[in-house]
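Below is one structure; the comments refer to it alone.
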Amino acid sequence: MFELETGLIFWNTVSFAILVFLMYKWVIPPIVGVLKDRQKAIGDSIAAAEDSRKRSEAALAENKKKLAEADRTAKSMVELAKSDGERMKKEILEKAEKQAGLIAEKAEQDMQAEKARIVNEAKKEIADLVAMAAGRVIGRVINKDDNSRIIEESLR
Amino acid sequence: MKNIDLDRLYEIAAGQAERLSDEMYGIAYLIKKNYDLLSALSDIRSSGEFKKKLIADLTPGASKIFTDTIALLVDQGLLGELDEVSRRFTLLVAQKNNIRYDELIFSEKPGPEILGKFYKIGGDKIKFRVQIDSSIAGGFIWKTMDGKVMDASIKGRLSQMREEISA
């Protein structure tokens with residue numbers, strides 16, 4: 001049957017107390033230290049992870065910002081390219097129109113000059129023909145008396 | 001142009017200076033108007049003697065001073081300057097004699113009546129050198145010593161008419 005043995009209880013108690021003391025003195029502190037270290041390491045890891053996450057988020061935000069900036073830049077470049085293209089197109093058209101105008105003007109001038117040249121040549125040829133014909137006729141019809149009369153008239 | 005002492009020539013010609021001037025003017029005018037003659041006298045292959053004889057043949061009865069002057073010009077290679085020599089000598093004679101030598105060109109030989117009218121206009125201090133050029137067709141051309149020209153020829157009038165038509 002169950003009976004209380006005080007001596008055994010006492011020694012058990014003493015032994016337990018010694019054990020507790022020993023554990024408290026030499027076993028618990030290292031374990032607590034290890035646990036604390038472990039806790040600290042975990043805490044550091046968590047902090048590092050948090051920090052890393054924050055940095056990742058910051059980097060992501062920065063990347064997003066840069067991406068947005070790049071997008072804006074690309075858009076503005078496209079706009080600029082489009083505007084440059086329009087301007088160039090306008091300039092080329094204006095230049096082409098101007099050149100076409102100049103060519104037309106030059107062609108008109110050349111045509112007028114050629115026309116004037118042809119008219120002058122025709123006039124000259126007509127004048128030569130008239131003078132030649134008149135010379136032939138006068139040469140045939142002028143006699144000595146006519147010649148004397150012409151000379152006298154010129155001397156008046 | 002090489003120098004020729006025209007004052008000395010004038011002294012040598014003495015009383016024949018005017019005749020010499022007329023003769024030089026006559027042959028210079030003839031050469032100027034005749035391309036074949038000009039070519040023959042300008043040809044460096046022709047000898048001086050040939051040139052002298054050619055001019056002598058063209059001017060029968062010319063004065064000795066004229067023949068000698070032509071010989072001098074040929075020998076000194078100045079025959080090509082005959083026209084200029086003649087012009088300058090005429091100016092000298094004109095200056096010495098206080099008279100003008102103008103040139104009149106007609107299409108045919110003018111009668112004394114016509115020439116008289118020119119002398120009436122020109123005065124007594126003028127002598128006309130008359131040339132005949134049928135190409136002017138009628139009328140006359142009056143060239144003064146100082147280079148003025150009055151073109152009253154038919155050829156000139158036709159030329160003027162041609163200019164006016166073609167203007």
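Chain labels follow the order of the structure tokens: the first chain is A, the next B, and so on; residue numbering restarts at 1 in every chain, and ligands are counted from 1 in their shown order.
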At a cut-off of 9 Å, list the chain B residues touching chain A, using only C-alpha atoms, as a PDB file with N, CA and C atoms, in the first residue's frame.
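Dumped everything to iface_15.pdb:
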```
ATOM      1  N   SER B 107      30.318 108.453-153.281  1.00  0.00           N
ATOM      2  CA  SER B 107      30.126 107.189-154.005  1.00  0.00           C
ATOM      3  C   SER B 107      30.630 107.319-155.448  1.00  0.00           C
ATOM      4  N   GLU B 108      30.645 108.553-155.947  1.00  0.00           N
ATOM      5  CA  GLU B 108      31.191 108.795-157.284  1.00  0.00           C
ATOM      6  C   GLU B 108      31.870 110.167-157.278  1.00  0.00           C
ATOM      7  N   PRO B 110      32.732 113.753-157.305  1.00  0.00           N
ATOM      8  CA  PRO B 110      31.839 114.916-157.247  1.00  0.00           C
ATOM      9  C   PRO B 110      32.282 116.007-158.233  1.00  0.00           C
ATOM     10  N   GLY B 111      31.323 116.753-158.689  1.00  0.00           N
ATOM     11  CA  GLY B 111      31.640 117.856-159.582  1.00  0.00           C
ATOM     12  C   GLY B 111      32.174 119.041-158.796  1.00  0.00           C
ATOM     13  N   ILE B 114      29.673 120.813-156.428  1.00  0.00           N
ATOM     14  CA  ILE B 114      29.446 120.147-155.129  1.00  0.00           C
ATOM     15  C   ILE B 114      30.615 120.437-154.190  1.00  0.00           C
ATOM     16  N   LYS B 117      30.633 123.802-152.643  1.00  0.00           N
ATOM     17  CA  LYS B 117      29.720 123.980-151.508  1.00  0.00           C
ATOM     18  C   LYS B 117      30.383 123.540-150.200  1.00  0.00           C
ATOM     19  N   PHE B 118      31.168 122.481-150.288  1.00  0.00           N
ATOM     20  CA  PHE B 118      31.882 122.021-149.077  1.00  0.00           C
ATOM     21  C   PHE B 118      32.925 123.069-148.659  1.00  0.00           C
ATOM     22  N   ILE B 121      31.369 125.925-146.937  1.00  0.00           N
ATOM     23  CA  ILE B 121      31.035 125.626-145.529  1.00  0.00           C
ATOM     24  C   ILE B 121      32.320 125.577-144.684  1.00  0.00           C
ATOM     25  N   ALA B 137      27.014 104.035-151.549  1.00  0.00           N
ATOM     26  CA  ALA B 137      25.779 104.064-152.356  1.00  0.00           C
ATOM     27  C   ALA B 137      25.289 105.459-152.744  1.00  0.00           C
ATOM     28  N   GLY B 138      25.704 106.499-152.092  1.00  0.00           N
ATOM     29  CA  GLY B 138      25.257 107.854-152.394  1.00  0.00           C
ATOM     30  C   GLY B 138      25.498 108.737-151.192  1.00  0.00           C
ATOM     31  N   GLY B 139      25.323 110.040-151.385  1.00  0.00           N
ATOM     32  CA  GLY B 139      25.578 110.952-150.280  1.00  0.00           C
ATOM     33  C   GLY B 139      27.074 111.126-150.061  1.00  0.00           C
ATOM     34  N   PHE B 140      27.453 111.389-148.794  1.00  0.00           N
ATOM     35  CA  PHE B 140      28.883 111.589-148.512  1.00  0.00           C
ATOM     36  C   PHE B 140      29.179 111.294-147.045  1.00  0.00           C
ATOM     37  N   ALA B 152      26.567 111.207-143.961  1.00  0.00           N
ATOM     38  CA  ALA B 152      25.331 111.535-144.686  1.00  0.00           C
ATOM     39  C   ALA B 152      25.241 110.643-145.917  1.00  0.00           C
ATOM     40  N   SER B 153      25.766 109.446-145.772  1.00  0.00           N
ATOM     41  CA  SER B 153      25.732 108.526-146.912  1.00  0.00           C
ATOM     42  C   SER B 153      24.453 107.687-146.891  1.00  0.00           C
ATOM     43  N   ILE B 154      24.112 107.157-148.056  1.00  0.00           N
ATOM     44  CA  ILE B 154      22.952 106.267-148.131  1.00  0.00           C
ATOM     45  C   ILE B 154      23.209 105.022-147.274  1.00  0.00           C
ATOM     46  N   LYS B 155      24.456 104.547-147.342  1.00  0.00           N
ATOM     47  CA  LYS B 155      24.818 103.367-146.548  1.00  0.00           C
ATOM     48  C   LYS B 155      24.620 103.653-145.048  1.00  0.00           C
ATOM     49  N   LEU B 158      20.902 103.845-144.264  1.00  0.00           N
ATOM     50  CA  LEU B 158      20.317 102.491-144.232  1.00  0.00           C
ATOM     51  C   LEU B 158      20.712 101.777-142.940  1.00  0.00           C
ATOM     52  N   SER B 159      21.957 101.991-142.558  1.00  0.00           N
ATOM     53  CA  SER B 159      22.432 101.370-141.324  1.00  0.00           C
ATOM     54  C   SER B 159      21.663 101.920-140.130  1.00  0.00           C
ATOM     55  N   MET B 161      18.656 103.187-140.273  1.00  0.00           N
ATOM     56  CA  MET B 161      17.292 102.664-140.369  1.00  0.00           C
ATOM     57  C   MET B 161      17.232 101.225-139.839  1.00  0.00           C
ATOM     58  N   ARG B 162      18.276 100.470-140.183  1.00  0.00           N
ATOM     59  CA  ARG B 162      18.329  99.088-139.705  1.00  0.00           C
ATOM     60  C   ARG B 162      18.403  99.041-138.184  1.00  0.00           C
ATOM     61  N   GLU B 163      19.196  99.951-137.611  1.00  0.00           N
ATOM     62  CA  GLU B 163      19.290 100.019-136.151  1.00  0.00           C
ATOM     63  C   GLU B 163      17.942 100.355-135.526  1.00  0.00           C
ATOM     64  N   GLU B 164      17.256 101.311-136.155  1.00  0.00           N
ATOM     65  CA  GLU B 164      15.959 101.739-135.590  1.00  0.00           C
ATOM     66  C   GLU B 164      14.930 100.628-135.690  1.00  0.00           C
ATOM     67  N   ILE B 165      14.948  99.880-136.794  1.00  0.00           N
ATOM     68  CA  ILE B 165      13.985  98.792-136.941  1.00  0.00           C
ATOM     69  C   ILE B 165      14.257  97.697-135.926  1.00  0.00           C
ATOM     70  N   SER B 166      15.553  97.375-135.773  1.00  0.00           N
ATOM     71  CA  SER B 166      15.885  96.253-134.888  1.00  0.00           C
ATOM     72  C   SER B 166      15.909  96.638-133.417  1.00  0.00           C
ATOM     73  N   ALA B 167      15.765  97.951-133.110  1.00  0.00           N
ATOM     74  CA  ALA B 167      15.815  98.378-131.686  1.00  0.00           C
ATOM     75  C   ALA B 167      14.569  97.948-130.945  1.00  0.00           C
TER      76      ALA B 167
END
```
Practice item. Based on DSSP run over this structure's backbone, return all residues of chain B in alpha helix (DSSP H), as a PyMOL selection string. Key: chain B and resi 6-13+17-33+35-42+48-58+64-75+82-97+112-122+154-166
Point to revise | strand (DSSP E) per DSSP on the backbone: members of chain B, as a list in words | key: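 Listing strand (DSSP E) positions across chain B yields Arg100, Tyr101, Asp102, Glu103, Leu104, Ile105, Phe106, Ile126, Lys127, Phe128, Arg129, Val130, Gln131, Ile132, Gly139, Phe140, Ile141, Trp142, Lys143, Val149, Met150, Asp151, Ala152 and Ser153 of chain B.
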Review point. What's the 12 Å shell around Tyr119 of chain B, counting only C-alpha atoms, without same-chain residues fewer than 2 positions away, as a PyMOL selection string?
Key: (chain A and resi 155) or (chain B and resi 100-102+104+112-117+121-129)
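Going from atom CA of Asp151 of chain B to atom CA of Glu81 of chain B covers 26.2 Å.
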Check your understanding: Which residue out of B:Phe89, B:Phe50, B:Trp142, B:Tyr29 has the minimum interatomic distance to Ala13 of chain B when only C-alpha atoms are used?
Key -> B:Phe89
